[in-house]
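Notes follow the structure.
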Amino acid sequence: MNGNYFVYITTNPKRTTLYIGVTNDLVKRLEEHASQAGNPKTFTGRYFCYNLIYWERFDTPQDAIDREKELKGWRREKKEALINAENPQWIFLNDEI
């Protein structure tokens with residue numbers, strides 16, 4: 001099964017909070033996060049985490065889920081090193097996908 005499955009990291013405008021997720025439609029998922037901005041019932045809404053700073057693509061949903069779980073288990077410093085390796089300025093990539 002070949003497809004487009006994504007693990008992604010978003011942050012808030014001040015780049016102080018990180019959110020890691022998995023999706024098969026990255027553009028749609030980012031739009032959903034942005035539409036929830038300020039909603040206290042969701043993590044991304046409560047912390048305004050709708051700015052994409054990192055993503056990876058996978059062919060299978062299980063590979064994406066496994067990677068998401070791996071990243072969620074990392075300490076913040078390791079997550080920051082991963083982001084810095086690909087996006088050292090932490091530029092918001094929403095318009096590039």
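Numbering starts fresh at 1 for the residues of each chain in the structure tokens, the chains themselves are lettered A, B, ... in the order given, and ligands are numbered from 1 as they appear.
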Inset, instruction - From chain A, collect each residue whose DSSP state is helix (DSSP H, G or I) and return the set as an NGL selection string. - result: :A and (26-35 or 43-47 or 61-72 or 76-86 or 94-96)
Legend entry - Shell around Ala34 in chain A at 8 Å using only C-alpha atoms, local window under 6 positions removed, as number ranges by chain: A: 45, 48-50
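Neighbouring residues of Val22 in chain A at 7 Å or closer, counting only C-alpha atoms and skipping chain neighbours under 4 positions away, are Phe6, Val7, Tyr8, Ala64, Ile65 and Glu68 of chain A.
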Selected residues written out, all heavy atoms, as a PDB file, in the first residue's frame:
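Contents of part.pdb, as written:
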ATOM      1  N   PHE A   6       1.548  11.357   6.881  1.00  0.00           N
ATOM      2  CA  PHE A   6       2.482  12.340   7.392  1.00  0.00           C
ATOM      3  C   PHE A   6       2.525  12.361   8.913  1.00  0.00           C
ATOM      4  O   PHE A   6       1.489  12.256   9.564  1.00  0.00           O
ATOM      5  CB  PHE A   6       2.083  13.748   6.919  1.00  0.00           C
ATOM      6  CG  PHE A   6       2.013  13.868   5.430  1.00  0.00           C
ATOM      7  CD1 PHE A   6       0.830  13.633   4.752  1.00  0.00           C
ATOM      8  CD2 PHE A   6       3.150  14.201   4.706  1.00  0.00           C
ATOM      9  CE1 PHE A   6       0.763  13.732   3.373  1.00  0.00           C
ATOM     10  CE2 PHE A   6       3.093  14.297   3.322  1.00  0.00           C
ATOM     11  CZ  PHE A   6       1.897  14.063   2.653  1.00  0.00           C
ATOM     12  N   VAL A   7       3.726  12.515   9.431  1.00  0.00           N
ATOM     13  CA  VAL A   7       3.936  12.889  10.825  1.00  0.00           C
ATOM     14  C   VAL A   7       4.393  14.337  10.754  1.00  0.00           C
ATOM     15  O   VAL A   7       5.221  14.705   9.925  1.00  0.00           O
ATOM     16  CB  VAL A   7       5.008  12.018  11.497  1.00  0.00           C
ATOM     17  CG1 VAL A   7       5.353  12.553  12.880  1.00  0.00           C
ATOM     18  CG2 VAL A   7       4.527  10.583  11.581  1.00  0.00           C
ATOM     19  N   TYR A   8       3.830  15.158  11.606  1.00  0.00           N
ATOM     20  CA  TYR A   8       4.137  16.586  11.528  1.00  0.00           C
ATOM     21  C   TYR A   8       4.280  17.176  12.915  1.00  0.00           C
ATOM     22  O   TYR A   8       3.770  16.625  13.904  1.00  0.00           O
ATOM     23  CB  TYR A   8       3.034  17.320  10.751  1.00  0.00           C
ATOM     24  CG  TYR A   8       1.682  17.237  11.406  1.00  0.00           C
ATOM     25  CD1 TYR A   8       1.244  18.238  12.273  1.00  0.00           C
ATOM     26  CD2 TYR A   8       0.836  16.146  11.189  1.00  0.00           C
ATOM     27  CE1 TYR A   8       0.010  18.152  12.891  1.00  0.00           C
ATOM     28  CE2 TYR A   8      -0.394  16.067  11.792  1.00  0.00           C
ATOM     29  CZ  TYR A   8      -0.809  17.069  12.650  1.00  0.00           C
ATOM     30  OH  TYR A   8      -2.024  16.984  13.271  1.00  0.00           O
ATOM     31  N   ALA A  64       3.791   5.668   9.775  1.00  0.00           N
ATOM     32  CA  ALA A  64       3.579   7.032  10.281  1.00  0.00           C
ATOM     33  C   ALA A  64       3.198   7.009  11.754  1.00  0.00           C
ATOM     34  O   ALA A  64       3.712   7.799  12.554  1.00  0.00           O
ATOM     35  CB  ALA A  64       2.508   7.736   9.455  1.00  0.00           C
ATOM     36  N   ILE A  65       2.316   6.099  12.127  1.00  0.00           N
ATOM     37  CA  ILE A  65       1.894   5.991  13.527  1.00  0.00           C
ATOM     38  C   ILE A  65       3.072   5.607  14.422  1.00  0.00           C
ATOM     39  O   ILE A  65       3.252   6.166  15.510  1.00  0.00           O
ATOM     40  CB  ILE A  65       0.734   4.990  13.661  1.00  0.00           C
ATOM     41  CG1 ILE A  65      -0.525   5.563  13.008  1.00  0.00           C
ATOM     42  CG2 ILE A  65       0.477   4.629  15.120  1.00  0.00           C
ATOM     43  CD1 ILE A  65      -1.637   4.537  12.786  1.00  0.00           C
ATOM     44  N   GLU A  68       5.239   8.649  14.841  1.00  0.00           N
ATOM     45  CA  GLU A  68       4.595   9.609  15.741  1.00  0.00           C
ATOM     46  C   GLU A  68       4.818   9.202  17.193  1.00  0.00           C
ATOM     47  O   GLU A  68       5.186  10.031  18.039  1.00  0.00           O
ATOM     48  CB  GLU A  68       3.103   9.694  15.442  1.00  0.00           C
ATOM     49  CG  GLU A  68       2.358  10.619  16.397  1.00  0.00           C
ATOM     50  CD  GLU A  68       0.849  10.442  16.371  1.00  0.00           C
ATOM     51  OE1 GLU A  68       0.384   9.314  16.092  1.00  0.00           O
ATOM     52  OE2 GLU A  68       0.146  11.412  16.658  1.00  0.00           O
TER      53      GLU A  68
END
Inset, instruction - Would you please work out which residue, of A:Lys72, A:Asn12, A:Asn24, A:Tyr19, is nearest to Ala37 in chain A when using only C-alpha atoms? - result: A:Asn12
Inset, instruction - Please provide as an MDAnalysis selection string all residues within 12 Å of Tyr54 in chain A, with the sequence filter that same-chain residues fewer than 6 positions apart are discarded (counting only C-alpha atoms). - result: chainID A and resid 6:11 18:22 26 71 79:94 96:97
Would you mind exporting N, CA and C atoms of the selected residues as a compact mmCIF listing (two decimals), in the first residue's frame?
# COMPACT_ATOMS: atom_id res chain seq x y z
N PHE A 6 1.55 11.36 6.88
CA PHE A 6 2.48 12.34 7.39
C PHE A 6 2.53 12.36 8.91
N VAL A 7 3.73 12.52 9.43
CA VAL A 7 3.94 12.89 10.83
C VAL A 7 4.39 14.34 10.75
N TYR A 8 3.83 15.16 11.61
CA TYR A 8 4.14 16.59 11.53
C TYR A 8 4.28 17.18 12.92
N ILE A 9 5.00 18.28 12.97
CA ILE A 9 5.14 19.04 14.21
C ILE A 9 4.69 20.46 13.94
N THR A 10 3.79 20.93 14.80
CA THR A 10 3.36 22.32 14.73
C THR A 10 3.76 23.02 16.02
N THR A 11 3.73 24.34 15.95
CA THR A 11 4.05 25.14 17.12
C THR A 11 3.14 26.36 17.14
N LEU A 18 5.05 22.61 21.35
CA LEU A 18 5.11 21.71 20.20
C LEU A 18 3.95 20.73 20.25
N TYR A 19 3.43 20.42 19.07
CA TYR A 19 2.39 19.40 18.92
C TYR A 19 2.83 18.45 17.82
N ILE A 20 2.73 17.16 18.07
CA ILE A 20 3.08 16.14 17.08
C ILE A 20 1.82 15.39 16.71
N GLY A 21 1.59 15.24 15.40
CA GLY A 21 0.40 14.53 14.94
C GLY A 21 0.69 13.69 13.73
N VAL A 22 -0.32 12.93 13.30
CA VAL A 22 -0.23 12.09 12.11
C VAL A 22 -1.50 12.29 11.30
N LEU A 26 -2.24 16.45 4.99
CA LEU A 26 -1.56 17.46 5.79
C LEU A 26 -2.19 18.84 5.65
N LEU A 71 8.46 9.90 18.21
CA LEU A 71 8.74 11.32 18.46
C LEU A 71 8.08 11.82 19.73
N LYS A 79 13.61 16.68 20.17
CA LYS A 79 12.65 17.16 19.16
C LYS A 79 13.17 18.44 18.51
N GLU A 80 13.72 19.34 19.32
CA GLU A 80 14.26 20.58 18.79
C GLU A 80 15.44 20.31 17.86
N ALA A 81 16.29 19.34 18.20
CA ALA A 81 17.42 18.99 17.34
C ALA A 81 16.93 18.46 15.99
N LEU A 82 15.87 17.67 16.00
CA LEU A 82 15.29 17.16 14.76
C LEU A 82 14.78 18.30 13.89
N ILE A 83 14.04 19.21 14.50
CA ILE A 83 13.51 20.37 13.77
C ILE A 83 14.66 21.23 13.24
N ASN A 84 15.63 21.49 14.08
CA ASN A 84 16.76 22.34 13.70
C ASN A 84 17.56 21.76 12.53
N ALA A 85 17.62 20.44 12.43
CA ALA A 85 18.37 19.81 11.34
C ALA A 85 17.73 20.11 9.98
N GLU A 86 16.42 20.27 9.94
CA GLU A 86 15.71 20.52 8.68
C GLU A 86 15.24 21.96 8.52
N ASN A 87 14.97 22.61 9.63
CA ASN A 87 14.36 23.95 9.60
C ASN A 87 14.95 24.78 10.75
N PRO A 88 16.23 25.13 10.65
CA PRO A 88 16.91 25.79 11.77
C PRO A 88 16.32 27.13 12.19
N GLN A 89 15.63 27.81 11.29
CA GLN A 89 15.01 29.09 11.65
C GLN A 89 13.59 28.93 12.17
N TRP A 90 13.12 27.68 12.19
CA TRP A 90 11.74 27.37 12.59
C TRP A 90 10.75 28.21 11.79
N ILE A 91 10.98 28.27 10.50
CA ILE A 91 10.09 28.98 9.58
C ILE A 91 8.78 28.22 9.48
N PHE A 92 7.67 28.94 9.48
CA PHE A 92 6.37 28.31 9.35
C PHE A 92 6.19 27.84 7.91
N LEU A 93 5.95 26.57 7.72
CA LEU A 93 5.94 25.95 6.39
C LEU A 93 4.53 25.76 5.81
N ASN A 94 3.52 26.26 6.46
CA ASN A 94 2.14 26.04 6.03
C ASN A 94 1.93 26.39 4.57
N GLU A 96 4.04 26.33 2.18
CA GLU A 96 4.94 25.61 1.29
C GLU A 96 4.45 24.20 0.96
N ILE A 97 3.40 23.77 1.60
CA ILE A 97 2.92 22.40 1.32
C ILE A 97 1.71 22.41 0.42
